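One file, entry.txt, carrying compact mmCIF, N, CA and C atoms:
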```txt
# COMPACT_ATOMS: atom_id res chain seq x y z
N MET A 1 85.17 85.13 111.07
CA MET A 1 86.05 84.16 110.45
C MET A 1 85.95 84.31 108.94
N LYS A 2 87.07 84.15 108.27
CA LYS A 2 87.06 84.23 106.82
C LYS A 2 86.44 82.96 106.24
N LEU A 3 85.70 83.15 105.17
CA LEU A 3 85.02 82.03 104.52
C LEU A 3 86.00 80.93 104.14
N THR A 4 87.15 81.29 103.64
CA THR A 4 88.12 80.27 103.24
C THR A 4 88.56 79.40 104.42
N ASN A 5 88.66 79.96 105.62
CA ASN A 5 89.04 79.17 106.80
C ASN A 5 87.94 78.17 107.16
N LEU A 6 86.70 78.62 107.06
CA LEU A 6 85.58 77.73 107.35
C LEU A 6 85.52 76.59 106.33
N ILE A 7 85.68 76.91 105.06
CA ILE A 7 85.63 75.90 104.00
C ILE A 7 86.77 74.90 104.17
N THR A 8 87.95 75.39 104.52
CA THR A 8 89.10 74.50 104.73
C THR A 8 88.83 73.54 105.88
N ALA A 9 88.33 74.04 107.00
CA ALA A 9 88.02 73.18 108.16
C ALA A 9 86.98 72.14 107.77
N ARG A 10 85.98 72.56 107.07
CA ARG A 10 84.91 71.66 106.62
C ARG A 10 85.48 70.54 105.76
N LYS A 11 86.35 70.89 104.81
CA LYS A 11 86.96 69.90 103.92
C LYS A 11 87.81 68.91 104.70
N ILE A 12 88.53 69.40 105.69
CA ILE A 12 89.36 68.51 106.51
C ILE A 12 88.48 67.48 107.21
N PHE A 13 87.43 67.95 107.83
CA PHE A 13 86.54 67.02 108.53
C PHE A 13 85.90 66.04 107.55
N LEU A 14 85.47 66.51 106.39
CA LEU A 14 84.87 65.62 105.41
C LEU A 14 85.87 64.61 104.87
N ASN A 15 87.15 65.01 104.76
CA ASN A 15 88.19 64.08 104.31
C ASN A 15 88.40 62.94 105.31
N HIS A 16 88.00 63.16 106.55
CA HIS A 16 88.15 62.14 107.59
C HIS A 16 86.80 61.50 107.95
N ALA A 17 85.81 61.69 107.10
CA ALA A 17 84.46 61.19 107.38
C ALA A 17 84.43 59.67 107.54
N GLY A 18 85.31 58.97 106.88
CA GLY A 18 85.32 57.51 106.97
C GLY A 18 86.16 56.96 108.10
N ASP A 19 86.85 57.84 108.82
CA ASP A 19 87.69 57.40 109.94
C ASP A 19 86.82 57.01 111.14
N LYS A 20 87.28 56.01 111.87
CA LYS A 20 86.58 55.59 113.08
C LYS A 20 86.95 56.53 114.22
N ILE A 21 85.92 57.20 114.76
CA ILE A 21 86.12 58.09 115.90
C ILE A 21 84.97 57.87 116.88
N PRO A 22 85.14 58.29 118.12
CA PRO A 22 84.05 58.12 119.09
C PRO A 22 82.76 58.79 118.60
N ALA A 23 81.64 58.18 118.92
CA ALA A 23 80.34 58.65 118.44
C ALA A 23 80.07 60.10 118.80
N ILE A 24 80.40 60.52 120.00
CA ILE A 24 80.13 61.90 120.42
C ILE A 24 80.91 62.88 119.57
N THR A 25 82.16 62.53 119.24
CA THR A 25 82.98 63.39 118.39
C THR A 25 82.43 63.42 116.97
N ALA A 26 82.05 62.26 116.48
CA ALA A 26 81.46 62.18 115.13
C ALA A 26 80.19 63.03 115.07
N TYR A 27 79.39 62.98 116.11
CA TYR A 27 78.16 63.78 116.16
C TYR A 27 78.48 65.27 116.12
N LYS A 28 79.45 65.70 116.92
CA LYS A 28 79.83 67.12 116.94
C LYS A 28 80.31 67.58 115.56
N ILE A 29 81.15 66.75 114.93
CA ILE A 29 81.67 67.10 113.61
C ILE A 29 80.55 67.13 112.57
N MET A 30 79.63 66.19 112.65
CA MET A 30 78.49 66.17 111.73
C MET A 30 77.65 67.44 111.89
N LYS A 31 77.46 67.89 113.13
CA LYS A 31 76.71 69.12 113.37
C LYS A 31 77.45 70.33 112.77
N PHE A 32 78.77 70.35 112.90
CA PHE A 32 79.57 71.43 112.30
C PHE A 32 79.41 71.42 110.78
N VAL A 33 79.52 70.26 110.18
CA VAL A 33 79.39 70.16 108.72
C VAL A 33 78.02 70.65 108.28
N LYS A 34 76.97 70.22 108.97
CA LYS A 34 75.63 70.68 108.62
C LYS A 34 75.48 72.19 108.81
N ALA A 35 76.07 72.71 109.88
CA ALA A 35 75.97 74.15 110.18
C ALA A 35 76.69 74.99 109.12
N SER A 36 77.63 74.39 108.42
CA SER A 36 78.39 75.13 107.41
C SER A 36 77.93 74.85 105.98
N ASP A 37 76.83 74.14 105.82
CA ASP A 37 76.30 73.82 104.48
C ASP A 37 76.01 75.08 103.66
N THR A 38 75.39 76.06 104.27
CA THR A 38 75.02 77.28 103.55
C THR A 38 76.24 78.02 103.04
N GLU A 39 77.25 78.15 103.89
CA GLU A 39 78.48 78.84 103.49
C GLU A 39 79.20 78.08 102.39
N ASP A 40 79.18 76.74 102.47
CA ASP A 40 79.81 75.92 101.44
C ASP A 40 79.10 76.09 100.10
N ALA A 41 77.78 76.09 100.13
CA ALA A 41 77.01 76.28 98.89
C ALA A 41 77.28 77.67 98.30
N PHE A 42 77.33 78.68 99.15
CA PHE A 42 77.63 80.04 98.70
C PHE A 42 79.01 80.09 98.05
N TYR A 43 80.01 79.52 98.71
CA TYR A 43 81.37 79.50 98.19
C TYR A 43 81.44 78.82 96.82
N ASN A 44 80.83 77.64 96.73
CA ASN A 44 80.85 76.90 95.47
C ASN A 44 80.14 77.65 94.34
N GLU A 45 79.02 78.28 94.67
CA GLU A 45 78.28 79.05 93.67
C GLU A 45 79.11 80.24 93.17
N LYS A 46 79.75 80.94 94.09
CA LYS A 46 80.57 82.10 93.69
C LYS A 46 81.81 81.68 92.90
N MET A 47 82.43 80.58 93.30
CA MET A 47 83.60 80.11 92.56
C MET A 47 83.21 79.66 91.16
N LYS A 48 82.06 79.03 91.02
CA LYS A 48 81.57 78.62 89.70
C LYS A 48 81.35 79.85 88.82
N ALA A 49 80.78 80.89 89.40
CA ALA A 49 80.53 82.13 88.64
C ALA A 49 81.86 82.76 88.20
N ILE A 50 82.86 82.73 89.07
CA ILE A 50 84.18 83.28 88.72
C ILE A 50 84.79 82.48 87.57
N ILE A 51 84.69 81.17 87.66
CA ILE A 51 85.22 80.31 86.59
C ILE A 51 84.48 80.58 85.29
N ASP A 52 83.15 80.67 85.37
CA ASP A 52 82.36 80.95 84.17
C ASP A 52 82.77 82.27 83.52
N GLU A 53 83.10 83.25 84.34
CA GLU A 53 83.45 84.56 83.83
C GLU A 53 84.87 84.65 83.29
N TYR A 54 85.83 84.02 83.95
CA TYR A 54 87.24 84.26 83.64
C TYR A 54 87.97 83.09 82.97
N ALA A 55 87.40 81.91 82.93
CA ALA A 55 88.10 80.75 82.37
C ALA A 55 88.16 80.82 80.85
N GLU A 56 89.26 80.28 80.32
CA GLU A 56 89.31 80.05 78.87
C GLU A 56 88.31 78.94 78.59
N LYS A 57 87.65 79.02 77.45
CA LYS A 57 86.62 78.03 77.11
C LYS A 57 87.03 77.26 75.86
N ASP A 58 86.64 75.99 75.81
CA ASP A 58 86.87 75.21 74.61
C ASP A 58 85.76 75.50 73.61
N ASP A 59 85.76 74.80 72.49
CA ASP A 59 84.77 75.07 71.44
C ASP A 59 83.34 74.71 71.84
N LYS A 60 83.18 73.97 72.94
CA LYS A 60 81.85 73.63 73.45
C LYS A 60 81.41 74.57 74.57
N GLY A 61 82.28 75.54 74.91
CA GLY A 61 81.95 76.49 75.96
C GLY A 61 82.30 76.03 77.36
N ASN A 62 83.04 74.92 77.47
CA ASN A 62 83.45 74.40 78.77
C ASN A 62 84.81 74.97 79.15
N PRO A 63 85.05 75.20 80.44
CA PRO A 63 86.35 75.69 80.87
C PRO A 63 87.48 74.74 80.45
N VAL A 64 88.59 75.31 80.02
CA VAL A 64 89.75 74.52 79.63
C VAL A 64 90.51 74.13 80.90
N VAL A 65 90.73 72.81 81.06
CA VAL A 65 91.43 72.30 82.23
C VAL A 65 92.75 71.70 81.76
N LYS A 66 93.83 72.11 82.41
CA LYS A 66 95.15 71.55 82.14
C LYS A 66 95.68 70.97 83.45
N ALA A 67 96.88 70.44 83.41
CA ALA A 67 97.45 69.76 84.58
C ALA A 67 97.45 70.63 85.83
N ASN A 68 97.65 71.94 85.67
CA ASN A 68 97.70 72.82 86.83
C ASN A 68 96.35 73.45 87.16
N GLY A 69 95.29 72.97 86.55
CA GLY A 69 93.95 73.45 86.88
C GLY A 69 93.27 74.15 85.72
N ILE A 70 92.27 74.92 86.04
CA ILE A 70 91.48 75.63 85.04
C ILE A 70 92.30 76.79 84.48
N GLN A 71 92.33 76.88 83.17
CA GLN A 71 93.07 77.96 82.51
C GLN A 71 92.25 79.24 82.55
N ILE A 72 92.86 80.30 83.03
CA ILE A 72 92.21 81.61 83.11
C ILE A 72 92.66 82.43 81.90
N GLN A 73 91.74 83.22 81.36
CA GLN A 73 92.08 84.10 80.24
C GLN A 73 93.24 84.98 80.67
N LYS A 74 94.28 85.01 79.85
CA LYS A 74 95.51 85.72 80.21
C LYS A 74 95.28 87.18 80.58
N ASP A 75 94.39 87.86 79.89
CA ASP A 75 94.17 89.27 80.17
C ASP A 75 93.22 89.51 81.35
N HIS A 76 92.79 88.43 82.01
CA HIS A 76 91.89 88.56 83.16
C HIS A 76 92.40 87.86 84.42
N ILE A 77 93.66 87.46 84.43
CA ILE A 77 94.20 86.75 85.59
C ILE A 77 94.12 87.60 86.85
N GLU A 78 94.50 88.86 86.75
CA GLU A 78 94.47 89.73 87.92
C GLU A 78 93.04 89.93 88.43
N ASP A 79 92.09 90.13 87.51
CA ASP A 79 90.68 90.29 87.90
C ASP A 79 90.16 89.02 88.56
N CYS A 80 90.54 87.88 88.01
CA CYS A 80 90.11 86.59 88.57
C CYS A 80 90.66 86.41 89.97
N ASN A 81 91.96 86.66 90.15
CA ASN A 81 92.57 86.53 91.47
C ASN A 81 91.93 87.46 92.49
N LYS A 82 91.60 88.68 92.06
CA LYS A 82 90.95 89.64 92.94
C LYS A 82 89.57 89.13 93.36
N ALA A 83 88.81 88.59 92.41
CA ALA A 83 87.47 88.07 92.70
C ALA A 83 87.54 86.88 93.66
N ILE A 84 88.52 86.00 93.44
CA ILE A 84 88.69 84.84 94.33
C ILE A 84 89.06 85.29 95.74
N LYS A 85 90.00 86.22 95.84
CA LYS A 85 90.42 86.72 97.15
C LYS A 85 89.25 87.37 97.88
N GLU A 86 88.42 88.10 97.15
CA GLU A 86 87.26 88.74 97.76
C GLU A 86 86.31 87.70 98.36
N ILE A 87 86.06 86.63 97.64
CA ILE A 87 85.20 85.56 98.15
C ILE A 87 85.84 84.89 99.36
N GLN A 88 87.12 84.56 99.24
CA GLN A 88 87.82 83.88 100.33
C GLN A 88 87.87 84.72 101.60
N ASP A 89 87.99 86.03 101.45
CA ASP A 89 88.10 86.92 102.60
C ASP A 89 86.75 87.37 103.17
N THR A 90 85.66 86.90 102.59
CA THR A 90 84.34 87.24 103.09
C THR A 90 84.21 86.76 104.54
N GLU A 91 83.78 87.66 105.41
CA GLU A 91 83.60 87.30 106.81
C GLU A 91 82.26 86.57 107.00
N VAL A 92 82.31 85.45 107.70
CA VAL A 92 81.11 84.67 107.98
C VAL A 92 81.05 84.39 109.48
N GLU A 93 79.87 84.07 109.95
CA GLU A 93 79.72 83.70 111.35
C GLU A 93 80.33 82.33 111.58
N THR A 94 81.05 82.21 112.67
CA THR A 94 81.65 80.94 113.03
C THR A 94 80.60 80.07 113.70
N PRO A 95 80.43 78.83 113.20
CA PRO A 95 79.48 77.94 113.89
C PRO A 95 79.92 77.73 115.33
N ASN A 96 78.96 77.59 116.21
CA ASN A 96 79.24 77.35 117.62
C ASN A 96 79.72 75.91 117.76
N PHE A 97 81.02 75.72 117.56
CA PHE A 97 81.59 74.38 117.52
C PHE A 97 82.99 74.40 118.12
N LYS A 98 83.20 73.55 119.08
CA LYS A 98 84.53 73.34 119.65
C LYS A 98 84.70 71.84 119.87
N VAL A 99 85.89 71.38 119.64
CA VAL A 99 86.21 69.98 119.90
C VAL A 99 87.50 69.95 120.71
N ASN A 100 87.54 69.08 121.69
CA ASN A 100 88.73 68.96 122.51
C ASN A 100 89.80 68.23 121.72
N VAL A 101 91.03 68.65 121.90
CA VAL A 101 92.13 68.02 121.16
C VAL A 101 92.17 66.52 121.40
N SER A 102 91.81 66.06 122.58
CA SER A 102 91.82 64.62 122.87
C SER A 102 90.77 63.87 122.04
N GLU A 103 89.69 64.57 121.65
CA GLU A 103 88.66 63.94 120.83
C GLU A 103 89.15 63.67 119.41
N LEU A 104 90.18 64.37 119.00
CA LEU A 104 90.72 64.20 117.65
C LEU A 104 91.90 63.23 117.62
N ALA A 105 92.22 62.65 118.77
CA ALA A 105 93.40 61.79 118.89
C ALA A 105 93.37 60.61 117.92
N SER A 106 92.21 60.09 117.63
CA SER A 106 92.14 58.91 116.75
C SER A 106 92.27 59.27 115.27
N LEU A 107 92.19 60.55 114.94
CA LEU A 107 92.37 60.98 113.55
C LEU A 107 93.85 61.16 113.26
N GLN A 108 94.26 60.80 112.10
CA GLN A 108 95.65 61.01 111.67
C GLN A 108 95.70 62.35 110.95
N LEU A 109 95.90 63.43 111.72
CA LEU A 109 95.91 64.78 111.16
C LEU A 109 97.34 65.25 110.93
N THR A 110 97.52 65.99 109.84
CA THR A 110 98.82 66.59 109.58
C THR A 110 98.93 67.88 110.38
N LEU A 111 100.13 68.40 110.50
CA LEU A 111 100.31 69.69 111.17
C LEU A 111 99.51 70.77 110.46
N GLU A 112 99.49 70.72 109.15
CA GLU A 112 98.74 71.70 108.35
C GLU A 112 97.24 71.63 108.68
N GLU A 113 96.72 70.42 108.82
CA GLU A 113 95.31 70.26 109.16
C GLU A 113 95.02 70.78 110.56
N VAL A 114 95.87 70.47 111.51
CA VAL A 114 95.67 70.94 112.88
C VAL A 114 95.70 72.47 112.91
N ALA A 115 96.62 73.07 112.18
CA ALA A 115 96.70 74.53 112.12
C ALA A 115 95.42 75.11 111.54
N ALA A 116 94.86 74.48 110.52
CA ALA A 116 93.62 74.96 109.89
C ALA A 116 92.42 74.80 110.83
N LEU A 117 92.47 73.81 111.70
CA LEU A 117 91.36 73.55 112.64
C LEU A 117 91.54 74.27 113.97
N ASP A 118 92.63 74.95 114.16
CA ASP A 118 93.01 75.53 115.45
C ASP A 118 91.88 76.33 116.09
N GLU A 119 91.17 77.08 115.32
CA GLU A 119 90.10 77.93 115.87
C GLU A 119 88.97 77.10 116.50
N PHE A 120 88.87 75.84 116.11
CA PHE A 120 87.81 74.98 116.61
C PHE A 120 88.27 73.99 117.67
N ILE A 121 89.56 74.00 117.97
CA ILE A 121 90.12 73.06 118.94
C ILE A 121 90.36 73.75 120.27
N GLU A 122 89.93 73.08 121.33
CA GLU A 122 90.21 73.60 122.67
C GLU A 122 91.04 72.57 123.42
N GLY A 123 91.86 73.08 124.32
CA GLY A 123 92.79 72.33 125.15
C GLY A 123 92.57 70.90 125.23
```
As structure tokens, the full file:
Amino acid sequence: MKLTNLITARKIFLNHAGDKIPAITAYKIMKFVKASDTEDAFYNEKMKAIIDEYAEKDDKGNPVVKANGIQIQKDHIEDCNKAIKEIQDTEVETPNFKVNVSELASLQLTLEEVAALDEFIEG
């Protein structure tokens, strides 16, 4: 599984952490989140390094942030995009996690979220 798919699924579940769901489902999701902690830390560390390397910096050395996000040095946009794609496409082991679609019934998921979770959902 690509790292970006794992991180996306993790974020979706964390975005619904405050939703009321059956205890067994909450337990399964919590185990998935814990099982993906290492990959999340790796992803965040690598993205921080990419930002440190390619972002425009203000006079204090902090990345410049505008409405559309962190500003990348104009002459390094292609290198930055390549580095990000490489991290996102990194293959990682998929946690042994499946949830039945009926267990997610109480969550208000968008079609986009369901599509991102598809690999972890069974009939």
Using only C-alpha atoms, can you list as an MDAnalysis selection string the residues within 12 Å of (85.6, 57.9, 115.8)?
chainID A and resid 13 16:30 102:108
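Assigned to strand (DSSP E or B) in chain A, given DSSP computed from backbone atoms, are A:Lys2, A:Ala55, A:Lys57, A:Pro63, A:Val65, A:Lys66, A:Gly69, A:Ile70, A:Ile72, A:Glu91, A:Val99, A:Asn100, A:Ile121, A:Glu122.
Omitting region 81-85 of chain A and its sequence neighbours fewer than 6 positions away, and counting only N, CA and C atoms, the residues within 8 Å are Lys46, Met47 and Ile50 of chain A.
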Please, could you write that set of residues out with N, CA and C atoms as an mmCIF file, in the frame of the given file?
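again_29.cif, freshly written:
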```cif
data_model
loop_
_atom_site.group_PDB
_atom_site.id
_atom_site.type_symbol
_atom_site.label_atom_id
_atom_site.label_comp_id
_atom_site.auth_asym_id
_atom_site.auth_seq_id
_atom_site.Cartn_x
_atom_site.Cartn_y
_atom_site.Cartn_z
ATOM 1 N N LYS A 46 79.750 80.940 94.090
ATOM 2 C CA LYS A 46 80.570 82.100 93.690
ATOM 3 C C LYS A 46 81.810 81.680 92.900
ATOM 4 N N MET A 47 82.430 80.580 93.300
ATOM 5 C CA MET A 47 83.600 80.110 92.560
ATOM 6 C C MET A 47 83.210 79.660 91.160
ATOM 7 N N ILE A 50 82.860 82.730 89.070
ATOM 8 C CA ILE A 50 84.180 83.280 88.720
ATOM 9 C C ILE A 50 84.790 82.480 87.570
#
```
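Going from CA of Asn44 (chain A) over to atom C of Glu93 (chain A), you cover 17.0 Å.
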Practice prompt. Identify all residues of chain A in alpha helix (DSSP H) (DSSP on the backbone) and supply them as a PyMOL selection string.
Written response: chain A and resi 3-15+23-35+37-54+77-88+111-117
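One distance worth recording is that between CA of Phe97 (chain A) and CA of Glu122 (chain A), which is 10.1 Å.
Of the listed residues (A:Asn100, A:Thr110, A:Asn5, A:Asn68), A:Asn5 comes nearest to Tyr43 (chain A); the distances count only C-alpha atoms.
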Using only N, CA and C atoms, the shortest atom-to-atom distance to Glu53 (chain A) among A:Ala115, A:Ala9, A:Cys80, A:Val99 belongs to A:Cys80
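Counting only C-alpha atoms and comparing A:Ala116, A:Ala49, A:Val101, A:Ile70, the residue that lies closest to Arg10 (chain A) is A:Ala116.
CA of His76 (chain A) to CA of Asn62 (chain A) spans 17.1 Å [interatomic distance, one decimal].
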Might I get the box with edges along x, y and z of the file that holds all atoms of region 74-89 of chain A listed there, padded by 6 Å on every side, given as centre and edge lengths in Å to one decimal, as lines of an AutoDock Vina configuration file?
```
center_x = 90.4
center_y = 87.1
center_z = 91.5
size_x = 22.3
size_y = 18.4
size_z = 35.3
```
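Neighbourhood of point (76.7, 75.6, 113.2): residues with an atom at most 12 Å away, counting only C-alpha atoms, are A:Leu6, A:Arg10, A:Lys28, A:Ile29, A:Met30, A:Lys31, A:Phe32, A:Val33, A:Lys34, A:Ala35, A:Ser36, A:Asp37, A:Thr38, A:Glu39, A:Val92, A:Glu93, A:Thr94, A:Pro95, A:Asn96, A:Phe97, A:Lys98, A:Phe120.
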